[in-house]
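First the structure, in the form of structure tokens, and then the observations on it.
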Amino acid sequence: MKQLLGVPAFARLWVAAFFGETAEWMLQVALPVYVFQRTGSAATTALSIVLGLLPAVLLSPVAGVVADRWNRRAVLFGGCLGLAVVALPLLAEPGVTVVYAVMAAQAALASVFEPARNALVPELVGVADVTAANGLMSVNGSVARLAGGWAGGALLGFGGLADVMIGYLAVLAVAAALLAKPFRRVTAPVPAPAREPVVRAWLDGLRELTHNRRLRRTGLALVFTSVAQGMFLVLFVVYVLDVLGGSEAEAGLLRGVQALGGLAAGFALATVARRVAPAALLGWGALALGLLSAVIWNLSLVTTALGLYVGLFVVVGAPGVVVGAGVLSEIQSAVAPERAGRVLSTTFAAVATCTTAGALLAGTLVATTGPAVLLNVQAGGYVLAAAVMLVPRRGWTRQLVWRYRAAPSVKS
């Protein structure tokens, strides 16, 4: 861990990611609650989430090629500036339609931002250390979730959306400043041909994703986890405000405290678990996430005491980070560096599509079935993902061992 943070370029990206994710979590918590307050409708809340995901699907061909063809640090810097500009209308406490437009615009920028950042990590630390690097990125991501989630909910409850936006813009400005200076890379990707058509470049990346046996299995697991996550985004708001009788600040608190468990998981991934096979991380993390989620959702039949839920949401944050690190490490270690951006963008587009499906499913059915049934279906999605990764099958049983050999770093 200290060795990675001793790499100046990675350390700066690490800190910039913290501020960027803190800003992101402020809006991720505040905006769905704001929409639910204005409309009182879970279906409308689901629509806002869908509009925040759809651009990632539509822009996937462009986003991946941009992340591979352009300077990735410059893409991140420009993304921060763009996120700040498109969020400015929220300063005026707007109507729901304006919130929808801002969420869609921000999602469009994030569709480029995320693959560029994750494709940049192996360049800064080398392929052999991507699991440890992803663990460290998840550590500051967890702290950002705690700080941003709590701040988003608290500022919305006490001061309104304008106060949320002032804090958001200030935090995002710090991230942009840290990304303004070029990085020194450990490895350099082979650039895509300058005149390669965008669609052809994207299709090449998609072909690598679909023809790689290792990644096909990961993709199937991602379908289940993403649908489950989409359902969660809608049902969580309903669960906290209606089932538990909580407030906006308490919704932000429960989303934020997952970061504490994520911190522990991130440190473990960066140290003692840095050589764990990515497939095993994804499988066991998804199983733990599903079982813990089932406990949380059914506990409301016994008690609605906030303190108990705070503790459980702390614990459930750990397997969530493990799942995310497993997915990223699997892709980063299996894909050629010059195609990493487009493969990651295609993966994120698939995640967004399935998350959208889950959100629409929950928003459509919750008024009929109530949240209890759908929340248990949501927990089951993670268990299915775990089965995909962990149930032994001919030809890849040995891939689930706890140690694997990563490719060596290429020193310049």
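Note on naming: chains are A, B, ... as they come in the structure tokens, residues start from 1 per chain, ligands start from 1 in the order shown.
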Near Ser138 (chain A), within 8 Å and counting only C-alpha atoms, which residues show up once chain neighbours fewer than 4 positions away are dropped, as an mmCIF file with all heavy atoms, in the first residue's frame?
data_model
loop_
_atom_site.group_PDB
_atom_site.id
_atom_site.type_symbol
_atom_site.label_atom_id
_atom_site.label_comp_id
_atom_site.auth_asym_id
_atom_site.auth_seq_id
_atom_site.Cartn_x
_atom_site.Cartn_y
_atom_site.Cartn_z
ATOM 1 N N ASN A 134 -6.761 -0.902 -7.105
ATOM 2 C CA ASN A 134 -8.216 -0.808 -7.030
ATOM 3 C C ASN A 134 -8.695 -0.827 -5.582
ATOM 4 O O ASN A 134 -9.684 -0.177 -5.234
ATOM 5 C CB ASN A 134 -8.869 -1.943 -7.809
ATOM 6 C CG ASN A 134 -8.706 -1.781 -9.307
ATOM 7 O OD1 ASN A 134 -8.597 -0.668 -9.803
ATOM 8 N ND2 ASN A 134 -8.681 -2.887 -10.033
ATOM 9 N N SER A 142 -14.723 4.857 -0.519
ATOM 10 C CA SER A 142 -15.566 4.601 0.642
ATOM 11 C C SER A 142 -15.657 5.828 1.545
ATOM 12 O O SER A 142 -16.736 6.169 2.036
ATOM 13 C CB SER A 142 -15.011 3.414 1.437
ATOM 14 O OG SER A 142 -15.079 2.225 0.684
ATOM 15 N N GLY A 262 -16.606 -0.431 3.610
ATOM 16 C CA GLY A 262 -15.801 -0.367 2.403
ATOM 17 C C GLY A 262 -14.350 -0.023 2.688
ATOM 18 O O GLY A 262 -13.439 -0.499 2.004
ATOM 19 N N LEU A 263 -14.121 0.796 3.697
ATOM 20 C CA LEU A 263 -12.748 1.129 4.089
ATOM 21 C C LEU A 263 -11.977 -0.112 4.494
ATOM 22 O O LEU A 263 -10.849 -0.344 4.059
ATOM 23 C CB LEU A 263 -12.766 2.124 5.255
ATOM 24 C CG LEU A 263 -12.877 3.601 4.925
ATOM 25 C CD1 LEU A 263 -13.032 4.405 6.208
ATOM 26 C CD2 LEU A 263 -11.635 4.059 4.167
ATOM 27 N N GLY A 266 -11.309 -2.197 1.471
ATOM 28 C CA GLY A 266 -10.305 -1.591 0.610
ATOM 29 C C GLY A 266 -8.898 -1.783 1.127
ATOM 30 O O GLY A 266 -7.976 -2.102 0.363
ATOM 31 N N VAL A 321 -17.627 -3.303 -1.952
ATOM 32 C CA VAL A 321 -16.321 -2.888 -2.457
ATOM 33 C C VAL A 321 -15.573 -4.073 -3.050
ATOM 34 O O VAL A 321 -14.902 -3.959 -4.090
ATOM 35 C CB VAL A 321 -15.512 -2.238 -1.319
ATOM 36 C CG1 VAL A 321 -14.032 -2.141 -1.686
ATOM 37 C CG2 VAL A 321 -16.062 -0.854 -1.011
ATOM 38 N N ALA A 325 -14.112 -4.227 -6.899
ATOM 39 C CA ALA A 325 -12.686 -4.440 -7.159
ATOM 40 C C ALA A 325 -12.462 -5.703 -7.974
ATOM 41 O O ALA A 325 -11.583 -5.751 -8.848
ATOM 42 C CB ALA A 325 -11.928 -4.515 -5.840
#
What's the 12 Å shell around Val86 (chain A), counting only C-alpha atoms, without same-chain residues fewer than 6 positions away, as a PyMOL selection string? chain A and resi 79-80+98-110+165+169
Using only C-alpha atoms, which of the listed residues (A:Ala228, A:Leu179, A:Ala221, A:Ala334) sits closest to Ser293 (chain A)?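 Looking only at the distances to Ser293 (chain A), the closest residue turns out to be A:Ala228.
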From the set A:Leu91, A:Val15, A:Val139, A:Leu51, which residue has the shortest atom-to-atom contact distance to Leu260 (chain A), counting only C-alpha atoms?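 Among the listed residues, A:Val139 lies closest to Leu260 (chain A).
Rounded to one decimal, CA of Leu156 (chain A) and CA of Leu13 (chain A) lie 29.0 Å from each other.
Minimum atom-to-atom distance to Thr356 (chain A), evaluated using only C-alpha atoms, belongs to A:Phe232 out of A:Leu88, A:Ala173, A:Gly153, A:Phe232.
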Just the residues within 10 Å of region 215-220 of chain A, please, counting only C-alpha atoms, with nothing from its chain fewer than 3 positions along; format it as a PDB file with C-alpha atoms, in the first residue's frame.
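Final output, saved to selection.pdb:
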ATOM      1  CA  GLU A 208     -12.711  -8.812 -27.215  1.00  0.00           C
ATOM      2  CA  LEU A 209     -15.186  -8.604 -24.354  1.00  0.00           C
ATOM      3  CA  THR A 210     -17.580 -11.176 -25.803  1.00  0.00           C
ATOM      4  CA  HIS A 211     -14.953 -13.617 -27.116  1.00  0.00           C
ATOM      5  CA  ASN A 212     -12.900 -13.737 -23.933  1.00  0.00           C
ATOM      6  CA  VAL A 223     -26.105  -8.704 -15.306  1.00  0.00           C
ATOM      7  CA  PHE A 224     -27.468 -10.003 -12.002  1.00  0.00           C
ATOM      8  CA  THR A 225     -25.594  -7.542  -9.779  1.00  0.00           C
ATOM      9  CA  PRO A 278     -10.511 -11.396  -9.146  1.00  0.00           C
ATOM     10  CA  ALA A 279     -13.140 -14.048  -9.947  1.00  0.00           C
ATOM     11  CA  LEU A 282     -16.505 -11.092  -7.279  1.00  0.00           C
ATOM     12  CA  GLY A 283     -18.138 -14.393  -6.341  1.00  0.00           C
ATOM     13  CA  GLY A 326     -13.118  -7.972  -8.465  1.00  0.00           C
ATOM     14  CA  VAL A 327     -14.872  -6.757 -11.608  1.00  0.00           C
ATOM     15  CA  GLU A 330     -10.726  -9.023 -13.885  1.00  0.00           C
ATOM     16  CA  ILE A 331     -11.087  -6.654 -16.834  1.00  0.00           C
ATOM     17  CA  ALA A 334      -7.486  -9.667 -19.033  1.00  0.00           C
ATOM     18  CA  VAL A 335      -7.646  -6.870 -21.643  1.00  0.00           C
ATOM     19  CA  THR A 347     -18.923  -2.964 -19.623  1.00  0.00           C
ATOM     20  CA  ALA A 350     -24.036  -3.023 -20.024  1.00  0.00           C
ATOM     21  CA  VAL A 351     -24.095  -2.258 -16.302  1.00  0.00           C
ATOM     22  CA  LEU A 384     -27.358 -15.625  -8.486  1.00  0.00           C
ATOM     23  CA  ALA A 385     -24.227 -13.650  -9.428  1.00  0.00           C
ATOM     24  CA  VAL A 388     -22.230 -17.902 -11.656  1.00  0.00           C
ATOM     25  CA  MET A 389     -18.741 -17.194 -10.318  1.00  0.00           C
TER      26      MET A 389
END
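All residues of protein, DNA or RNA that reach within 10 Å of region 297-305 of chain A, judged by only C-alpha atoms and not counting those fewer than 5 positions away in the chain, are A:Phe236, A:Tyr239, A:Val240, A:Val243, A:Leu244, A:Gly245, A:Gly246, A:Leu292, A:Val310, A:Pro371, A:Ala372, A:Val373, A:Leu374, A:Leu375, A:Asn376, A:Gln378, A:Ala379.
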Quick one: residues within 12 Å of Leu146 (chain A), only C-alpha atoms counted, chain neighbours fewer than 3 positions away excluded, as an MDAnalysis selection string? chainID A and resid 18 21:26 29 139:143 149:154 251:263 310 313:314 317
What does the distance from CA of Thr39 (chain A) to CA of Leu83 (chain A) come to in Å, to one decimal? 25.5 Å
To one decimal place, how far is CA of Gly95 (chain A) from CA of Leu58 (chain A) in Å? 25.2 Å
Here is a test: counting only C-alpha atoms, which residue of A:Val295, A:Leu235, A:Val35, A:Ala176 is nearest to Glu93 (chain A)?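 Selected residue with least distance to Glu93 (chain A): A:Val35.
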Which residue, A:Ala46, A:Leu76, A:Leu281, A:Leu90, has the smallest gap to Pro319 (chain A) when you use only C-alpha atoms?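 Nearest to Pro319 (chain A): A:Leu281.
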Counting only C-alpha atoms, which of A:Leu308, A:Ala175, A:Val237, A:Val85 gets nearest to Gln28 (chain A)? A:Val237
Could you pull out the helix (DSSP H, G or I) residues of region 270-323 of chain A, going by DSSP on the backbone, and write them as an MDAnalysis selection string? chainID A and resid 270 278:299 306:323
